[in-house]
Structures are given as C-alpha cells and as structure tokens.
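Presented below is the structure to which this report refers.
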Amino acid sequence: MWSVDEHLADVLAAVSPLEPIELQLADAQGCVLVEDVTVPVALPPFDNSSMDGYAVRVADVAGASEEFPAVLTVIGDVAAGAGGLPKVGPGQAARIMTGAPLPPGAEAVVPVEWTDGGTGGGVAGGMRPASAAPEGASGEVRVHRPAEARAHVRARGSDVTAGELALAAGTVLGPPQIGLLAAIGRGTVRVRPRPRVVVISTGSELTQPGEPLAEGQIYDSNSFQLAAAARDAGALAYRVPAVADDAESLRAAIEDQLIRADLIVTTGGVSVGAYDVVKEALTADGEVDFRKLAMQPGKPQGFGMIGPDHTPLLALPGNPVSSYVSFELFVRPAIRALMGLRDRPDAHRPRVRAVLKADRAISSPAGRRQFLRGTYDAESGAVSPVGGAGSHLIGALAHADALLVVPEEVTAVEPGTELEVLLLG
C-alpha cells in the first residue's frame, strides 16, 4: 500500500503551474499574479473632500458658532471630476462635494450640516440638487462651527503613494484586489489562469437529479459535489453527465474533454469489481497507475498524466464520502499547484489540534489513516464526530465542517484525546 503522504507527493511532483497569460481586469478574478504591481500614481491623486459641504479658509471660520456664525460669500461649486477650480479668497467659500478636489486657497472643509446650507435659516440637513437649485452655488452661507486645517480633507497619496508596492506576485485576485488594480489604472494584469477542471462520474446506476429514478438507480451526487469543491478551490469546473459502465464510452468521454481540461477528475470504477470501468479503460496504455492507499475512506485511487498534453487525471472512489475526502486530500492541492500556490499554506485545508468530544471511544483500523466527519468548536477547542464511518453516509457529510484524523498506528481514540483536525469551512 501507498501512504497518504506518498500518494500526495507523487501527484504534486507531476503537476506544474499553468503558464501565465495577460487578462483583462474583469476576467482576472480568482487568478494569481505572477509579477509585482507597483503604484504608478498616488491614490488619491489630489487632495479631495471627504464630505459634502464648503471649502473654506481656517481663519474665516475661527470662533464661528450658531449664535455668531461666520458669513461667507459662496463663489461657486466644486463637483467630483471638476476642473477649472475657483480660488477661495478671504471671506469666501466654495460649495464642495465628496471626492471633489480641494480648490486653491481653501484649507479645510466644513460639512453642510455645520452650516445653514445657504438658505439663511437654521442648520441644514443637506444640499438641494444643483439642477433644481442652481442658486446654491452663489449667495452667502452661514457657518456655525470652526474647522481646523485639513479638516475633512483626504490628502493626496494618503491611500497609496507612487512607486509603492500595490500587490505582490503570488496574490490571489479577489474583489478588493481587483478594485485596487482598477483604482491605480491597470486595465490588464499578468496572471496564472484559474485551472479548468473536468469532473466525470461513472456508473450505469446513476441518474441526473430532477429525473425519475428507475429500479436500482441512484442520483449522481458526486459530480455535483466535486464540481462545487473544484470551484471552491479556485478552479473553473465543468461537470460531465454520468458515463455508463462501458470502457469505450469512458475513453471517448475523456478524450472529448481533454481539449478544455487542465485537470480531469473521475469518480467511481477504481476498485476490484467486474464493472470498475475507470480502471479497465485507463490501465491499458499504462498512463494511469491504480493503487491502494493506507487510508479510510478512500483506499482505491488512481493517478496519471494522459493525452498529448500530459493532462493530470485523478481517479477517485465512487462512494460519496470517499470521493469528497479524496478530493480534499489530493485534488484540492493539485488545483492549488496548477495555480502556482503549491508552497502556500492555503494549498491545503487548515489543520488544528482539537480535543475529542464523544460519548465513547472511536475505533480505527490498524495501519490506516482514518478520516472521520466532525464538527469543530473553535471556542472550546473540541471536535465531535458526525455520523458513522461508512463511506456512503453523505447526509452526515453535509453537516460536517471538519475531518478528524486518526493516525495509522492508533486503533482507538478515547474521549478527551487531542487529535489533528482538517477544517473544511
């Protein structure tokens, strides 16, 4: 038998990161940067207002109060995106909007709520739309509070400065990173693309969800589960409808999918039965090696490089729990390796130590590493088993957020014992 670690090492040794490509920013989400990105211009590129209000000189509003307001002449509007800014002189103010550049001569911004809004009345709650009340850009405004220098002003470069490292190579581009790249003007970016993973279930007994079940049939859950897991790992996932137990049909299906696959995952047909079609279809040319692993669930596994481009193929067992556990242990790290994240901590699920919380001892087969479904309580540092050890018990898997790991040399785990736990959430 192979150990879990030996099989994983064999898989990762054969999987190389995908070649970098240049992508439009809108298409780069989930991809991994392959070069450092520096800031070409400061962000924000100019001093701007953080409030809707009035740009003023500090001296003109010193000592202002509601009883004795500072009365200033309004010389115009400064809207976001405005050019040709008015110059604020002594006794003057410019009505300014959030994000608009601070006009020359102004030293601070007073929020509109600190003023009468140019109405000559009490405290203003806001500004009327410029289109409905153009007269607001002129006249007088009464300011009821003083303002310190640079009050409510966002300074040029206060977010990032020109020449600063914006994002380092190896960064996975999520929404905030995409937003930063857009903010500094990057329209394209050089990345490793998201791997294309094709998932193929096998078995003549499988029916697609939503269709009626005939006698002896079950619904195909594995392809949906594994395609979702591939997307969760960062891949683009393609699910192929279940292939019947026929070696020629499976070979044809795999050959058809090679054109769009960076990785192929099959499920079912890898054991020693007379209808284990994956093993039959893929052993003839010697490209895929089928082996037994010292683990439970997931003992039968297959791995190889197939087709003209040597596309990696992982053949997983067909029982739903075996299939999912195998994915987390072997396929997820392979996907992360294709993304160029092999040596990152997030190439694998996080592992913690937790105390077993159970009514009785857990048994485990000698010589096999057992993975049991469980729920993890971070606050108490405890983990509780969910469901039994059967590899078909998908109902319990749906309620688990962790896998309890029982080492090969351990045959019984008493409550209160500390275990390694893989976190699935």
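FYI, nothing fancy with the structure tokens labels: chains A, B, ... in order, residues from 1 per chain, ligands from 1 as they appear.
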Notebook entry, point to check: If you run DSSP on this backbone, which residues of segment 127-186 of chain A come out as helix (DSSP H, G or I), and could you give them as a count of residues only?
Noted result: 13
Next item on the list: Would you kindly return, as an MDAnalysis selection string, each protein, DNA or RNA residue with an atom no farther than 10 Å from any atom of segment 190-196 of chain A, considering only C-alpha atoms and excluding same-chain residues fewer than 2 positions away?
Entry: chainID A and resid 17:25 27:37 169:173 188 198:199 230:231 233:238 260:264 334:340
Checklist line | Within 12 Å of Gly185 of chain A using only C-alpha atoms, minus same-chain residues under 2 positions, as a list in words | finding: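 Close residues of Gly185 of chain A: Leu25, Val37, Thr38, Val39, Pro40, Val41, Ala42, Leu43, Pro44, Pro45, Ala166, Ile178, Gly179, Leu180, Leu181, Ala182, Ala183, Gly187, Thr188 and Val189 of chain A.
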Output the selection as a compact mmCIF listing (two decimals), in the first residue's frame - N, CA, C and O atoms for each residue.
# COMPACT_ATOMS: atom_id res chain seq x y z
N LEU A 25 -8.77 43.01 -16.75
CA LEU A 25 -9.02 43.04 -15.31
C LEU A 25 -10.33 42.36 -14.94
O LEU A 25 -10.41 41.64 -13.94
N VAL A 37 3.05 44.37 -8.70
CA VAL A 37 2.38 45.53 -9.30
C VAL A 37 2.67 46.74 -8.41
O VAL A 37 2.39 46.72 -7.21
N THR A 38 3.29 47.77 -9.00
CA THR A 38 3.58 48.99 -8.26
C THR A 38 2.58 50.08 -8.64
O THR A 38 1.94 50.02 -9.69
N VAL A 39 2.48 51.06 -7.78
CA VAL A 39 1.51 52.15 -7.96
C VAL A 39 2.12 53.20 -8.89
O VAL A 39 3.15 53.79 -8.57
N PRO A 40 1.50 53.46 -10.06
CA PRO A 40 2.06 54.44 -10.98
C PRO A 40 1.80 55.88 -10.55
O PRO A 40 2.60 56.77 -10.83
N VAL A 41 0.66 56.12 -9.89
CA VAL A 41 0.33 57.46 -9.43
C VAL A 41 -0.23 57.35 -8.01
O VAL A 41 -0.76 56.31 -7.62
N ALA A 42 -0.09 58.43 -7.24
CA ALA A 42 -0.60 58.42 -5.87
C ALA A 42 -2.11 58.23 -5.87
O ALA A 42 -2.81 58.59 -6.81
N LEU A 43 -2.59 57.64 -4.78
CA LEU A 43 -4.02 57.41 -4.63
C LEU A 43 -4.44 57.90 -3.25
O LEU A 43 -3.91 57.41 -2.25
N PRO A 44 -5.34 58.86 -3.13
CA PRO A 44 -5.92 59.63 -4.24
C PRO A 44 -4.89 60.53 -4.91
O PRO A 44 -3.90 60.91 -4.28
N PRO A 45 -5.12 60.88 -6.18
CA PRO A 45 -4.12 61.65 -6.92
C PRO A 45 -4.12 63.14 -6.60
O PRO A 45 -3.28 63.88 -7.10
N ALA A 166 1.85 47.76 -4.74
CA ALA A 166 0.40 47.62 -4.58
C ALA A 166 0.04 46.19 -4.24
O ALA A 166 -0.64 45.91 -3.26
N ILE A 178 -8.97 43.39 -7.11
CA ILE A 178 -9.43 43.88 -8.42
C ILE A 178 -9.75 45.37 -8.33
O ILE A 178 -9.41 46.16 -9.22
N GLY A 179 -10.38 45.77 -7.22
CA GLY A 179 -10.71 47.19 -7.04
C GLY A 179 -9.47 48.05 -6.97
O GLY A 179 -9.43 49.15 -7.56
N LEU A 180 -8.43 47.59 -6.26
CA LEU A 180 -7.19 48.36 -6.17
C LEU A 180 -6.53 48.49 -7.53
O LEU A 180 -6.07 49.58 -7.91
N LEU A 181 -6.48 47.41 -8.29
CA LEU A 181 -5.87 47.46 -9.62
C LEU A 181 -6.60 48.45 -10.51
O LEU A 181 -5.97 49.20 -11.26
N ALA A 182 -7.92 48.44 -10.44
CA ALA A 182 -8.69 49.40 -11.23
C ALA A 182 -8.40 50.83 -10.77
O ALA A 182 -8.26 51.75 -11.59
N ALA A 183 -8.29 51.02 -9.45
CA ALA A 183 -8.08 52.37 -8.91
C ALA A 183 -6.74 52.96 -9.33
O ALA A 183 -6.62 54.18 -9.47
N GLY A 187 -5.56 48.13 -16.59
CA GLY A 187 -6.64 47.54 -17.37
C GLY A 187 -6.43 46.06 -17.63
O GLY A 187 -7.40 45.31 -17.84
N THR A 188 -5.17 45.62 -17.60
CA THR A 188 -4.84 44.20 -17.77
C THR A 188 -3.84 43.82 -16.69
O THR A 188 -3.19 44.67 -16.08
N VAL A 189 -3.69 42.53 -16.51
CA VAL A 189 -2.77 42.04 -15.49
C VAL A 189 -2.26 40.67 -15.92
O VAL A 189 -2.96 39.90 -16.58
Checklist line | Polymer residues at most 6 Å from segment 367-377 of chain A, only C-alpha atoms, same-chain spacing of 6 or more positions, as a list of chain:residue names | finding: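 Counting only C-alpha atoms, the residues come to A:Ala294, A:Met295, A:Gln296, A:Val383, A:Ser384, A:Pro385, A:Val386, A:Ala400, A:Asp401, A:Ala402, A:Leu403, A:Leu404, A:Val405, A:Val406, A:Pro407, A:Glu408, A:Glu409.
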Output file for the selection above: C-alpha atoms, as a tab-separated table (two decimals), in the first residue's frame:
chain	number	residue	atom	x	y	z
A	294	ALA	CA	-3.44	3.08	3.68
A	295	MET	CA	-6.46	5.26	4.45
A	296	GLN	CA	-10.16	5.02	5.26
A	383	VAL	CA	-14.31	18.35	17.86
A	384	SER	CA	-17.31	15.99	17.79
A	385	PRO	CA	-17.91	13.13	15.34
A	386	VAL	CA	-20.89	13.38	12.99
A	400	ALA	CA	-19.68	18.37	8.99
A	401	ASP	CA	-17.21	21.24	8.92
A	402	ALA	CA	-14.11	19.23	9.76
A	403	LEU	CA	-12.35	15.90	9.30
A	404	LEU	CA	-10.94	14.11	12.35
A	405	VAL	CA	-7.60	12.45	11.53
A	406	VAL	CA	-6.77	9.21	13.32
A	407	PRO	CA	-3.15	8.14	12.66
A	408	GLU	CA	-2.28	4.76	11.16
A	409	GLU	CA	-0.84	3.36	14.39
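Closest approach to Lys357 of chain A among A:Gly425, A:Phe330, A:Leu419, A:Val265: A:Leu419, based on only C-alpha atoms.
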Note to self: I'd like the contact shell of Glu205 of chain A - 8 Å cut-off, only C-alpha atoms, skipping same-chain residues fewer than 3 positions apart - returned as a list in words.
What the structure shows: Gly216, Gln217, Ile218 and Ala244 of chain A
Could you save those same residues with all heavy atoms as a PDB file, in the first residue's frame?
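What follows is the written file result-v1.pdb:
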ATOM      1  N   GLY A 216     -33.253   0.261  -9.100  1.00  0.00           N
ATOM      2  CA  GLY A 216     -31.809   0.029  -8.997  1.00  0.00           C
ATOM      3  C   GLY A 216     -30.947   1.242  -9.266  1.00  0.00           C
ATOM      4  O   GLY A 216     -29.717   1.137  -9.274  1.00  0.00           O
ATOM      5  N   GLN A 217     -31.560   2.394  -9.471  1.00  0.00           N
ATOM      6  CA  GLN A 217     -30.784   3.590  -9.779  1.00  0.00           C
ATOM      7  C   GLN A 217     -30.679   4.524  -8.565  1.00  0.00           C
ATOM      8  O   GLN A 217     -31.492   4.468  -7.644  1.00  0.00           O
ATOM      9  CB  GLN A 217     -31.412   4.348 -10.950  1.00  0.00           C
ATOM     10  CG  GLN A 217     -31.297   3.617 -12.293  1.00  0.00           C
ATOM     11  CD  GLN A 217     -31.756   4.491 -13.443  1.00  0.00           C
ATOM     12  OE1 GLN A 217     -32.776   5.168 -13.348  1.00  0.00           O
ATOM     13  NE2 GLN A 217     -31.013   4.478 -14.531  1.00  0.00           N
ATOM     14  N   ILE A 218     -29.648   5.366  -8.609  1.00  0.00           N
ATOM     15  CA  ILE A 218     -29.469   6.414  -7.598  1.00  0.00           C
ATOM     16  C   ILE A 218     -29.109   7.702  -8.331  1.00  0.00           C
ATOM     17  O   ILE A 218     -28.720   7.685  -9.506  1.00  0.00           O
ATOM     18  CB  ILE A 218     -28.361   6.071  -6.579  1.00  0.00           C
ATOM     19  CG1 ILE A 218     -27.018   5.884  -7.311  1.00  0.00           C
ATOM     20  CG2 ILE A 218     -28.726   4.839  -5.769  1.00  0.00           C
ATOM     21  CD1 ILE A 218     -25.833   5.707  -6.380  1.00  0.00           C
ATOM     22  N   ALA A 244     -21.895   5.671 -18.489  1.00  0.00           N
ATOM     23  CA  ALA A 244     -22.266   4.296 -18.139  1.00  0.00           C
ATOM     24  C   ALA A 244     -21.029   3.417 -18.000  1.00  0.00           C
ATOM     25  O   ALA A 244     -19.910   3.800 -18.378  1.00  0.00           O
ATOM     26  CB  ALA A 244     -23.198   3.721 -19.209  1.00  0.00           C
TER      27      ALA A 244
END
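Excluding Arg145 of chain A itself and same-chain residues fewer than 3 positions from it, the residues having an atom within 10 Å of it are Val61, Ala62, Gly63, Ala64, Ser65, Glu66, Phe68, Pro69, Ala70, Val110, Pro111, Glu113, Trp114, Thr115 and Arg142 of chain A, counting only C-alpha atoms.
Residue nearest Ser323 of chain A within the list A:Ala151, A:Ala227, A:Val421, A:Ala347: A:Ala227 [criterion: smallest interatomic distance, only C-alpha atoms].
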Note to self: I'd like the interatomic distance between atom CA of Pro104 of chain A and atom CA of Val88 of chain A, to a tenth of an Å.
What the structure shows: 6.3 Å
Next item on the list: Just the strand (DSSP E) stuff from segment 38-230 of chain A, please, per backbone DSSP, written as a VMD selection string.
Entry: chain A and resid 38 48 to 49 53 to 56 70 to 78 92 to 96 108 to 111 140 to 143 153 to 154 165 to 167 188 to 192 196 to 202 206 to 207 218 to 219
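For the choices A:Val331, A:Ala14, A:Val143, A:Val278, the atom-to-atom distance to Val123 of chain A is smallest for A:Val143 when using only C-alpha atoms.
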Note to self: Which residues are close to Ile259 of chain A, i.e. within 10 Å by only C-alpha atoms, leaving aside same-chain residues fewer than 5 positions away? Reply as a list in words.
What the structure shows: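 Surrounding residues, per the criterion: Ile254, Gly307, Asp309 and Thr311 of chain A.
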Mind writing the picked residues with N, CA and C atoms as an mmCIF file, in the first residue's frame?
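Output below, filename out39.cif:
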data_model
loop_
_atom_site.group_PDB
_atom_site.id
_atom_site.type_symbol
_atom_site.label_atom_id
_atom_site.label_comp_id
_atom_site.auth_asym_id
_atom_site.auth_seq_id
_atom_site.Cartn_x
_atom_site.Cartn_y
_atom_site.Cartn_z
ATOM 1 N N ILE A 254 -13.482 10.985 -22.029
ATOM 2 C CA ILE A 254 -12.257 11.634 -21.545
ATOM 3 C C ILE A 254 -11.520 12.320 -22.698
ATOM 4 N N GLY A 307 -3.110 11.868 -22.439
ATOM 5 C CA GLY A 307 -3.275 12.690 -23.628
ATOM 6 C C GLY A 307 -1.988 13.345 -24.098
ATOM 7 N N ASP A 309 -1.027 16.387 -24.139
ATOM 8 C CA ASP A 309 -0.507 17.462 -23.288
ATOM 9 C C ASP A 309 -0.190 16.998 -21.883
ATOM 10 N N THR A 311 -2.090 15.745 -19.477
ATOM 11 C CA THR A 311 -3.042 16.335 -18.537
ATOM 12 C C THR A 311 -3.175 15.431 -17.320
#
Note to self: I'd like the interatomic distance between atom CA of Gly318 of chain A and atom CA of Ser221 of chain A, to a tenth of an Å.
What the structure shows: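 Calculated distance between atom CA of Gly318 of chain A and atom CA of Ser221 of chain A is 10.0 Å.
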Note to self: I'd like to know which of A:Arg95, A:Arg291, A:His399, A:Arg353 is closest to Glu6 of chain A, using only C-alpha atoms.
What the structure shows: A:Arg291
Check: Of the candidates A:Lys292, A:Phe224, A:Ala412, A:Leu423, which shows the shortest atom-to-atom distance to Arg351 of chain A, using only C-alpha atoms?
Finding: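 Between A:Lys292, A:Phe224, A:Ala412, A:Leu423, the residue approaching Arg351 of chain A most closely is A:Leu423.
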